[in-house]
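This is model_18.cif (mmCIF, C-alpha atoms).
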data_model
#
loop_
_atom_site.group_PDB
_atom_site.id
_atom_site.type_symbol
_atom_site.label_atom_id
_atom_site.label_comp_id
_atom_site.auth_asym_id
_atom_site.auth_seq_id
_atom_site.Cartn_x
_atom_site.Cartn_y
_atom_site.Cartn_z
ATOM 1 C CA MET R 1 37.665 -62.117 -90.866
ATOM 2 C CA GLY R 2 36.962 -62.859 -87.188
ATOM 3 C CA ILE R 3 37.062 -60.293 -84.415
ATOM 4 C CA ARG R 4 40.655 -59.776 -83.286
ATOM 5 C CA PHE R 5 41.809 -59.191 -79.718
ATOM 6 C CA LEU R 6 45.215 -58.433 -78.229
ATOM 7 C CA VAL R 7 45.653 -59.564 -74.609
ATOM 8 C CA VAL R 8 48.641 -58.093 -72.769
ATOM 9 C CA ASP R 9 49.637 -59.355 -69.307
ATOM 10 C CA ASP R 10 52.882 -60.505 -67.704
ATOM 11 C CA ALA R 11 51.077 -63.373 -65.928
ATOM 12 C CA THR R 12 50.603 -66.475 -68.076
ATOM 13 C CA PHE R 13 47.644 -67.596 -65.945
ATOM 14 C CA ILE R 14 45.715 -64.382 -66.614
ATOM 15 C CA ARG R 15 46.529 -64.299 -70.328
ATOM 16 C CA ASP R 16 45.471 -67.905 -70.865
ATOM 17 C CA MET R 17 42.253 -67.425 -68.906
ATOM 18 C CA VAL R 18 41.251 -64.298 -70.847
ATOM 19 C CA LYS R 19 42.114 -65.910 -74.192
ATOM 20 C CA LYS R 20 40.015 -68.969 -73.382
ATOM 21 C CA GLN R 21 37.015 -66.925 -72.261
ATOM 22 C CA LEU R 22 37.098 -64.769 -75.390
ATOM 23 C CA ARG R 23 37.402 -67.766 -77.709
ATOM 24 C CA ASP R 24 34.687 -69.704 -75.884
ATOM 25 C CA ARG R 25 32.139 -66.897 -75.798
ATOM 26 C CA ILE R 26 32.761 -64.872 -78.956
ATOM 27 C CA PRO R 27 32.377 -67.057 -82.054
ATOM 28 C CA GLY R 28 35.293 -66.776 -84.482
ATOM 29 C CA ALA R 29 37.426 -64.638 -82.163
ATOM 30 C CA GLU R 30 41.132 -64.445 -82.980
ATOM 31 C CA VAL R 31 43.238 -63.717 -79.904
ATOM 32 C CA PHE R 32 46.866 -62.620 -79.892
ATOM 33 C CA ASP R 33 48.858 -62.088 -76.711
ATOM 34 C CA ALA R 34 51.961 -60.383 -75.348
ATOM 35 C CA THR R 35 53.786 -60.440 -72.015
ATOM 36 C CA ASP R 36 54.485 -56.704 -71.784
ATOM 37 C CA GLY R 37 54.033 -53.395 -73.549
ATOM 38 C CA ASN R 38 57.092 -53.749 -75.774
ATOM 39 C CA ARG R 39 55.975 -57.123 -77.117
ATOM 40 C CA ALA R 40 52.455 -55.762 -77.541
ATOM 41 C CA ILE R 41 53.800 -52.986 -79.771
ATOM 42 C CA ALA R 42 55.625 -55.607 -81.838
ATOM 43 C CA GLN R 43 52.341 -57.512 -82.227
ATOM 44 C CA LEU R 44 50.480 -54.405 -83.382
ATOM 45 C CA LYS R 45 53.127 -53.728 -86.007
ATOM 46 C CA LYS R 46 52.424 -57.178 -87.485
ATOM 47 C CA GLN R 47 48.612 -57.148 -87.534
ATOM 48 C CA ARG R 48 45.653 -54.955 -86.745
ATOM 49 C CA VAL R 49 43.320 -55.800 -83.865
ATOM 50 C CA ASP R 50 39.809 -54.684 -82.929
ATOM 51 C CA VAL R 51 40.165 -54.495 -79.130
ATOM 52 C CA ILE R 52 43.161 -54.335 -76.784
ATOM 53 C CA LEU R 53 42.934 -55.692 -73.212
ATOM 54 C CA SER R 54 46.024 -54.763 -71.241
ATOM 55 C CA ASP R 55 47.295 -55.152 -67.719
ATOM 56 C CA TRP R 56 48.341 -51.891 -66.082
ATOM 57 C CA GLU R 57 51.199 -52.937 -63.814
ATOM 58 C CA MET R 58 53.801 -54.751 -65.906
ATOM 59 C CA PRO R 59 57.610 -54.881 -65.881
ATOM 60 C CA GLY R 60 59.360 -53.124 -68.732
ATOM 61 C CA LEU R 61 56.852 -50.991 -70.629
ATOM 62 C CA SER R 62 53.840 -50.538 -68.339
ATOM 63 C CA GLY R 63 50.204 -50.551 -69.404
ATOM 64 C CA GLU R 64 50.036 -46.778 -69.089
ATOM 65 C CA GLU R 65 53.110 -46.302 -71.289
ATOM 66 C CA PHE R 66 51.741 -48.785 -73.819
ATOM 67 C CA LEU R 67 48.404 -46.953 -73.905
ATOM 68 C CA LYS R 68 50.112 -43.617 -74.511
ATOM 69 C CA TRP R 69 52.008 -45.155 -77.446
ATOM 70 C CA VAL R 70 48.776 -46.580 -78.876
ATOM 71 C CA ARG R 71 47.040 -43.207 -78.706
ATOM 72 C CA THR R 72 49.914 -41.435 -80.521
ATOM 73 C CA GLU R 73 49.790 -43.862 -83.456
ATOM 74 C CA TYR R 74 47.304 -42.750 -86.119
ATOM 75 C CA GLU R 75 46.110 -46.256 -87.094
ATOM 76 C CA PHE R 76 45.428 -47.249 -83.461
ATOM 77 C CA LYS R 77 44.183 -43.899 -82.196
ATOM 78 C CA GLU R 78 40.561 -45.069 -82.051
ATOM 79 C CA THR R 79 41.213 -48.727 -81.152
ATOM 80 C CA PRO R 80 39.249 -49.661 -77.991
ATOM 81 C CA PHE R 81 41.677 -50.112 -75.115
ATOM 82 C CA ILE R 82 40.414 -51.862 -71.970
ATOM 83 C CA MET R 83 42.558 -51.533 -68.882
ATOM 84 C CA VAL R 84 42.721 -54.690 -66.744
ATOM 85 C CA THR R 85 43.896 -53.890 -63.235
ATOM 86 C CA SER R 86 43.810 -54.906 -59.589
ATOM 87 C CA ARG R 87 43.832 -51.231 -58.601
ATOM 88 C CA GLY R 88 40.449 -49.568 -58.484
ATOM 89 C CA ASP R 89 41.043 -46.345 -56.593
ATOM 90 C CA LYS R 90 39.468 -43.322 -58.258
ATOM 91 C CA ASP R 91 42.746 -41.439 -58.792
ATOM 92 C CA HIS R 92 44.230 -44.414 -60.619
ATOM 93 C CA VAL R 93 41.214 -44.786 -62.915
ATOM 94 C CA VAL R 94 41.028 -41.054 -63.646
ATOM 95 C CA LYS R 95 44.715 -41.139 -64.601
ATOM 96 C CA ALA R 96 43.971 -43.966 -67.037
ATOM 97 C CA VAL R 97 41.024 -42.048 -68.521
ATOM 98 C CA GLN R 98 43.257 -39.039 -69.066
ATOM 99 C CA ALA R 99 45.725 -41.286 -70.900
ATOM 100 C CA GLY R 100 42.964 -42.373 -73.290
ATOM 101 C CA VAL R 101 41.616 -45.649 -71.901
ATOM 102 C CA SER R 102 38.232 -46.774 -73.262
ATOM 103 C CA ASP R 103 37.064 -48.816 -70.264
ATOM 104 C CA PHE R 104 38.424 -50.930 -67.446
ATOM 105 C CA ILE R 105 37.967 -54.286 -65.761
ATOM 106 C CA SER R 106 39.095 -54.862 -62.204
ATOM 107 C CA LYS R 107 40.779 -58.095 -61.160
ATOM 108 C CA PRO R 108 39.413 -60.506 -60.206
ATOM 109 C CA PHE R 109 36.628 -60.520 -62.796
ATOM 110 C CA THR R 110 34.011 -62.943 -64.063
ATOM 111 C CA SER R 111 33.579 -64.264 -67.588
ATOM 112 C CA ASP R 112 30.297 -62.341 -67.854
ATOM 113 C CA GLU R 113 31.939 -59.060 -66.921
ATOM 114 C CA LEU R 114 34.725 -59.620 -69.463
ATOM 115 C CA LEU R 115 32.149 -60.345 -72.168
ATOM 116 C CA LYS R 116 30.077 -57.254 -71.353
ATOM 117 C CA LYS R 117 33.072 -54.956 -71.480
ATOM 118 C CA THR R 118 34.420 -56.329 -74.759
ATOM 119 C CA THR R 119 31.048 -56.416 -76.552
ATOM 120 C CA LYS R 120 30.386 -52.850 -75.426
ATOM 121 C CA GLN R 121 33.604 -51.713 -77.093
ATOM 122 C CA LEU R 122 32.937 -53.817 -80.186
ATOM 123 C CA ALA R 123 29.540 -52.137 -80.559
ATOM 124 C CA LYS R 124 31.257 -48.751 -80.692
ATOM 125 C CA ILE R 125 33.259 -49.813 -83.739
ATOM 126 C CA GLY R 126 30.347 -51.578 -85.425
ATOM 127 C CA LYS R 127 31.400 -55.137 -84.644
ATOM 128 C CA SER R 128 28.732 -56.600 -82.387
ATOM 129 C CA PRO R 129 28.515 -60.411 -82.516
ATOM 130 C CA LYS R 130 24.847 -61.195 -81.780
ATOM 131 C CA ASP R 131 25.646 -64.394 -79.920
ATOM 132 C CA ALA R 132 28.044 -62.568 -77.654
ATOM 133 C CA PHE R 133 25.553 -59.819 -76.904
ATOM 134 C CA LYS R 134 22.843 -62.346 -76.102
ATOM 135 C CA ALA R 135 25.133 -64.080 -73.615
ATOM 136 C CA ALA R 136 26.208 -60.781 -72.115
ATOM 137 C CA SER R 137 22.648 -59.597 -71.550
ATOM 138 C CA SER R 138 21.949 -62.629 -69.374
ATOM 139 C CA GLY R 139 25.087 -62.190 -67.279
ATOM 140 C CA LYS R 140 25.366 -60.448 -63.963
ATOM 141 C CA ASP R 141 27.689 -57.461 -63.842
ATOM 142 C CA VAL R 142 29.955 -57.834 -60.831
ATOM 143 C CA GLY R 143 33.082 -55.993 -59.837
ATOM 144 C CA PHE R 144 33.581 -52.422 -61.039
ATOM 145 C CA ALA R 145 31.165 -50.675 -63.330
ATOM 146 C CA SER R 146 32.248 -48.501 -66.239
ATOM 147 C CA VAL R 147 34.791 -45.702 -66.291
ATOM 148 C CA ASP R 148 31.878 -43.267 -65.951
ATOM 149 C CA VAL R 149 31.137 -44.570 -62.462
ATOM 150 C CA LEU R 150 34.479 -43.475 -61.032
ATOM 151 C CA THR R 151 34.603 -40.240 -62.979
ATOM 152 C CA GLY R 152 31.292 -38.693 -62.029
ATOM 153 C CA GLY R 153 28.628 -41.112 -63.269
ATOM 154 C CA ALA R 154 26.470 -43.558 -61.313
ATOM 155 C CA SER R 155 26.954 -43.915 -57.576
ATOM 156 C CA LYS R 156 28.098 -47.534 -57.565
ATOM 157 C CA ALA R 157 31.752 -46.700 -57.209
ATOM 158 C CA SER R 158 31.869 -46.904 -53.422
ATOM 159 C CA LYS R 159 32.122 -50.676 -53.652
ATOM 160 C CA VAL R 160 35.914 -50.839 -53.434
ATOM 161 C CA THR R 161 38.536 -49.061 -51.384
ATOM 162 C CA THR R 162 42.163 -50.016 -50.977
ATOM 163 C CA ASN R 163 43.199 -48.660 -47.611
ATOM 164 C CA GLN R 164 40.568 -49.679 -45.069
ATOM 165 C CA ILE R 165 41.195 -52.724 -42.855
ATOM 166 C CA LYS R 166 38.580 -53.689 -40.286
ATOM 167 C CA PRO R 167 38.521 -56.346 -37.556
ATOM 168 C CA ALA R 168 37.456 -59.855 -38.406
ATOM 169 C CA SER R 169 34.418 -61.047 -36.519
ATOM 170 C CA GLY R 170 32.845 -64.221 -35.274
ATOM 171 C CA SER R 171 34.633 -67.526 -34.852
ATOM 172 C CA LEU R 172 37.567 -66.571 -37.093
ATOM 173 C CA ALA R 173 38.549 -63.810 -34.685
ATOM 174 C CA ALA R 174 38.102 -66.170 -31.743
ATOM 175 C CA LEU R 175 40.199 -68.864 -33.378
ATOM 176 C CA THR R 176 43.095 -66.467 -34.002
ATOM 177 C CA GLY R 177 42.958 -64.571 -30.757
ATOM 178 C CA GLY R 178 41.191 -61.478 -32.081
ATOM 179 C CA ALA R 179 43.349 -61.010 -35.163
ATOM 180 C CA THR R 180 42.094 -58.432 -37.619
ATOM 181 C CA SER R 181 41.636 -58.477 -41.340
ATOM 182 C CA SER R 182 40.601 -56.251 -44.233
ATOM 183 C CA ASN R 183 37.209 -55.155 -45.406
ATOM 184 C CA SER R 184 37.043 -54.192 -49.105
ATOM 185 C CA ALA R 185 39.539 -53.365 -51.950
ATOM 186 C CA ALA R 186 40.940 -54.602 -55.521
ATOM 187 C CA THR R 187 45.691 -59.029 -58.474
ATOM 188 C CA LYS R 188 47.538 -62.810 -60.647
ATOM 189 C CA PRO R 189 49.856 -65.946 -60.082
ATOM 190 C CA SER R 190 53.231 -66.633 -61.642
ATOM 191 C CA SER R 191 55.099 -69.827 -61.388
ATOM 192 C CA LYS R 192 58.393 -68.242 -60.390
ATOM 193 C CA PRO R 193 59.660 -64.752 -59.587
ATOM 194 C CA THR R 194 61.981 -63.071 -62.080
ATOM 195 C CA ALA R 195 65.723 -63.348 -61.614
ATOM 196 C CA LYS R 196 65.863 -59.769 -60.357
ATOM 197 C CA ALA R 197 63.207 -60.393 -57.775
ATOM 198 C CA SER R 198 64.547 -63.715 -56.551
ATOM 199 C CA ALA R 199 67.957 -62.196 -55.917
ATOM 200 C CA SER R 200 66.464 -60.069 -53.151
ATOM 201 C CA LYS R 201 64.407 -62.911 -51.729
ATOM 202 C CA PRO R 202 64.874 -62.791 -47.941
ATOM 203 C CA ALA R 203 63.195 -66.083 -47.143
ATOM 204 C CA THR R 204 61.381 -68.876 -48.897
ATOM 205 C CA LYS R 205 58.605 -69.006 -46.366
ATOM 206 C CA LYS R 206 57.915 -67.092 -43.175
ATOM 207 C CA LYS R 207 55.171 -67.236 -40.654
ATOM 208 C CA SER R 208 53.380 -63.993 -39.885
ATOM 209 C CA ALA R 209 51.106 -64.362 -36.865
ATOM 210 C CA LYS R 210 47.853 -62.435 -36.928
ATOM 211 C CA THR R 211 48.763 -60.524 -40.062
ATOM 212 C CA LYS R 212 45.884 -58.674 -41.700
ATOM 213 C CA ALA R 213 44.957 -59.368 -45.314
ATOM 214 C CA GLN R 214 42.032 -59.201 -47.690
ATOM 215 C CA LEU R 215 41.195 -61.730 -50.387
ATOM 216 C CA ARG R 216 39.192 -60.575 -53.391
ATOM 217 C CA PHE R 217 37.518 -63.176 -55.595
ATOM 218 C CA PRO R 218 35.224 -62.526 -58.592
ATOM 219 C CA ASN R 219 32.073 -62.924 -56.474
ATOM 220 C CA ALA R 220 33.248 -62.236 -52.928
ATOM 221 C CA THR R 221 35.626 -60.204 -50.784
ATOM 222 C CA CYS R 222 36.820 -61.931 -47.618
ATOM 223 C CA ALA R 223 38.826 -60.942 -44.569
ATOM 224 C CA CYS R 224 41.751 -63.289 -43.950
ATOM 225 C CA VAL R 225 44.211 -64.043 -41.165
ATOM 226 C CA VAL R 226 47.569 -64.907 -42.714
ATOM 227 C CA ARG R 227 49.250 -68.048 -41.407
ATOM 228 C CA ASP R 228 52.193 -68.276 -43.834
ATOM 229 C CA VAL R 229 53.398 -66.112 -46.692
ATOM 230 C CA SER R 230 56.242 -66.396 -49.194
ATOM 231 C CA LEU R 231 57.071 -64.939 -52.583
ATOM 232 C CA GLN R 232 55.148 -67.818 -54.141
ATOM 233 C CA ALA R 233 52.001 -68.200 -52.029
ATOM 234 C CA LEU R 234 49.900 -67.206 -49.038
ATOM 235 C CA SER R 235 47.977 -69.515 -46.735
ATOM 236 C CA GLY R 236 45.446 -68.297 -44.242
ATOM 237 C CA LEU R 237 42.091 -68.614 -42.510
ATOM 238 C CA MET R 238 38.874 -66.931 -43.570
ATOM 239 C CA GLN R 239 35.257 -67.090 -42.536
ATOM 240 C CA ARG R 240 32.973 -69.243 -44.627
ATOM 241 C CA SER R 241 31.183 -67.227 -47.281
ATOM 242 C CA ASP R 242 28.269 -67.789 -49.607
ATOM 243 C CA PRO R 243 29.127 -68.562 -52.307
ATOM 244 C CA LEU R 244 32.478 -70.159 -51.600
ATOM 245 C CA PRO R 245 35.216 -69.357 -54.131
ATOM 246 C CA GLY R 246 36.167 -72.213 -56.453
ATOM 247 C CA LEU R 247 39.555 -73.782 -57.143
ATOM 248 C CA PHE R 248 41.629 -71.888 -59.710
ATOM 249 C CA GLU R 249 39.467 -68.791 -59.385
ATOM 250 C CA GLN R 250 41.277 -65.478 -59.730
ATOM 251 C CA ALA R 251 42.230 -63.834 -56.457
ATOM 252 C CA VAL R 252 43.729 -60.511 -55.468
ATOM 253 C CA VAL R 253 45.555 -60.380 -52.141
ATOM 254 C CA ASP R 254 45.767 -57.042 -50.320
ATOM 255 C CA ILE R 255 48.147 -57.149 -47.342
ATOM 256 C CA GLU R 256 48.377 -54.191 -45.000
ATOM 257 C CA THR R 257 51.972 -53.343 -44.052
ATOM 258 C CA ASP R 258 53.140 -51.773 -40.796
ATOM 259 C CA ALA R 259 53.386 -48.424 -42.577
ATOM 260 C CA GLY R 260 49.727 -48.638 -43.546
ATOM 261 C CA ASP R 261 50.482 -49.304 -47.225
ATOM 262 C CA ILE R 262 48.859 -52.084 -49.222
ATOM 263 C CA ALA R 263 50.979 -54.856 -50.761
ATOM 264 C CA ARG R 264 48.751 -56.015 -53.618
ATOM 265 C CA VAL R 265 49.453 -59.321 -55.382
ATOM 266 C CA ASN R 266 47.540 -61.246 -58.055
ATOM 267 C CA GLY R 267 46.978 -64.967 -57.750
ATOM 268 C CA TYR R 268 44.533 -67.849 -57.889
ATOM 269 C CA LEU R 269 42.908 -70.138 -55.326
ATOM 270 C CA SER R 270 45.204 -73.164 -55.135
ATOM 271 C CA SER R 271 43.506 -75.029 -52.276
ATOM 272 C CA ILE R 272 40.475 -74.727 -50.001
ATOM 273 C CA ALA R 273 39.550 -76.914 -47.020
ATOM 274 C CA ALA R 274 37.497 -76.939 -43.824
ATOM 275 C CA GLY R 275 39.276 -75.258 -40.946
ATOM 276 C CA GLU R 276 37.613 -77.468 -38.347
ATOM 277 C CA ASN R 277 36.639 -81.133 -38.268
ATOM 278 C CA LYS R 278 32.895 -80.547 -38.554
ATOM 279 C CA VAL R 279 30.516 -80.115 -41.452
ATOM 280 C CA ASP R 280 29.112 -76.773 -40.262
ATOM 281 C CA THR R 281 32.500 -75.125 -39.666
ATOM 282 C CA ASN R 282 32.655 -71.384 -40.217
ATOM 283 C CA ILE R 283 36.428 -71.457 -40.715
ATOM 284 C CA ILE R 284 37.964 -72.120 -44.124
ATOM 285 C CA LYS R 285 41.655 -72.759 -44.841
ATOM 286 C CA VAL R 286 42.841 -71.364 -48.175
ATOM 287 C CA THR R 287 46.061 -71.142 -50.164
ATOM 288 C CA ILE R 288 46.550 -68.443 -52.789
ATOM 289 C CA ARG R 289 49.288 -69.101 -55.346
ATOM 290 C CA PHE R 290 50.803 -65.885 -56.727
ATOM 291 C CA VAL R 291 51.158 -65.260 -60.461
ATOM 292 C CA ASP R 292 52.796 -61.832 -60.795
ATOM 293 C CA ASN R 293 56.108 -61.369 -62.570
ATOM 294 C CA ASP R 294 56.545 -57.732 -61.621
ATOM 295 C CA PRO R 295 59.830 -57.036 -59.735
ATOM 296 C CA GLU R 296 58.246 -54.065 -57.957
ATOM 297 C CA LYS R 297 55.544 -56.286 -56.472
ATOM 298 C CA PHE R 298 58.124 -58.845 -55.376
ATOM 299 C CA GLU R 299 60.129 -56.087 -53.720
ATOM 300 C CA ALA R 300 57.089 -54.874 -51.757
ATOM 301 C CA LEU R 301 56.226 -58.438 -50.778
ATOM 302 C CA SER R 302 59.841 -59.158 -49.775
ATOM 303 C CA LYS R 303 59.883 -56.143 -47.465
ATOM 304 C CA PHE R 304 56.644 -57.288 -45.877
ATOM 305 C CA ILE R 305 57.979 -60.824 -45.340
ATOM 306 C CA ALA R 306 61.203 -59.470 -43.844
ATOM 307 C CA LYS R 307 59.250 -57.472 -41.253
ATOM 308 C CA THR R 308 57.279 -60.525 -40.153
ATOM 309 C CA ARG R 309 60.335 -62.675 -39.486
#

For the structure just supplied, provide its representation as structure tokens.
Amino acid sequence: MGIRFLVVDDATFIRDMVKKQLRDRIPGAEVFDATDGNRAIAQLKKQRVDVILSDWEMPGLSGEEFLKWVRTEYEFKETPFIMVTSRGDKDHVVKAVQAGVSDFISKPFTSDELLKKTTKQLAKIGKSPKDAFKAASSGKDVGFASVDVLTGGASKASKVTTNQIKPASGSLAALTGGATSSNSAATKPSSKPTAKASASKPATKKKSAKTKAQLRFPNATCACVVRDVSLQALSGLMQRSDPLPGLFEQAVVDIETDAGDIARVNGYLSSIAAGENKVDTNIIKVTIRFVDNDPEKFEALSKFIAKTR
């Protein structure tokens, strides 16, 4: 029997991406999926799995509630449970550890990081595919380290914060009149908002001049000046980075509100283009298409859009 995974996420884009990466890089992997905690429970009642990878912020039964259910069930008590989240603050991770999480992956993440985390958990239960381990050992670990890092282990954890926004510099600031943008923090796209969310939709698209935001990609974190934002997408300007993010790469958008809170949305890079008509331009135009289906996130985003009208 092949190694079995259960992938739980309300965003189709994220689920499909994780399923493909697991099947491509772990020979013989069987991958089941669910859109929320309730459906995940139904899946577990039908078949056993070796590793669970679950989103944390989901409508209905959240990742935390699902994890607590898993840990109270005798047959799943020791099943590795990897939290997949766009939130990386220490308090949030410690809360997950207390609930019984085995490890975590922060969005956006690379294929190598996903492989390392899953093979690490498989090793603990005596299921270590050699091919997968060989591939993992050659990969570069980006993003967050293990749970130990944020709970008293190695000192790498300072990489991400979620409430610090610093001024943009260079030609991007000049182009936008000194607009500011964010520095470093920790998201997923959905085709359409849920019915509940769309009912409170204040506007399809609104311009927000000089709004501060931060874009997090698997291999880069970039300050961004928001040009337009809606419940479906964000377009903005960022400084050219090395390496440049690729089309359809995961992205997490952190937008600072007037109250100093962070509106955090998951998405993917839908378009990227030169911001100026010259080959050595330092300005890049990007569009991030959102993928979340969480009403709470749509509510936070709707409030932000309403304030920028």

Which residue, R:Arg71, R:Arg216, R:Arg25, R:Lys45, has the smallest gap to Lys107 in chain R when you use all atoms listed in the file? R:Arg216

Please write the residues picked by the PyMOL selection byres ((chain R and resi 270) around 8) on this file as a list in words. Leu247, Phe248, Tyr268, Leu269, Ser271, Ile272, Val286, Thr287, Ile288 and Arg289 of chain R

For a quick check of your reading of the model, name the residues lying within 7 Å of the coordinate (41.3, -63.8, -78.8), counting only C-alpha atoms, and write them as a list of chain:residue names. R:Arg4, R:Phe5, R:Leu6, R:Lys19, R:Leu22, R:Arg23, R:Ala29, R:Glu30, R:Val31, R:Phe32

Could you tell me which of R:Gly37, R:Gly275, R:Gly2, R:Pro80 comes closest to Asp103 in chain R if we count only C-alpha atoms?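 Ranked by minimum distance to Asp103 in chain R, first place goes to R:Pro80.
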
What separates CA of Leu215 in chain R and CA of Val51 in chain R is a distance of 29.7 Å

In terms of all atoms listed in the file, the residue from R:Gly63, R:Ile255, R:Ile105, R:Leu44 at minimal distance from Lys117 in chain R is R:Ile105

Counting only C-alpha atoms, which residue out of R:Ala251, R:Ala99, R:Cys224, R:Leu301 sits closest to Lys285 in chain R?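 Under the stated criterion, the closest residue is R:Cys224.
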
Atom-to-atom span, CA of Pro59 in chain R and CA of Lys303 in chain R, Å: 18.6 Å

Let me make sure I understand: among R:Ser235, R:Thr221, R:Thr12, R:Thr110, which one has the smallest atom-to-atom distance to Ile284 in chain R if we use all atoms listed in the file?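 The answer is R:Ser235, which sits nearest to Ile284 in chain R.
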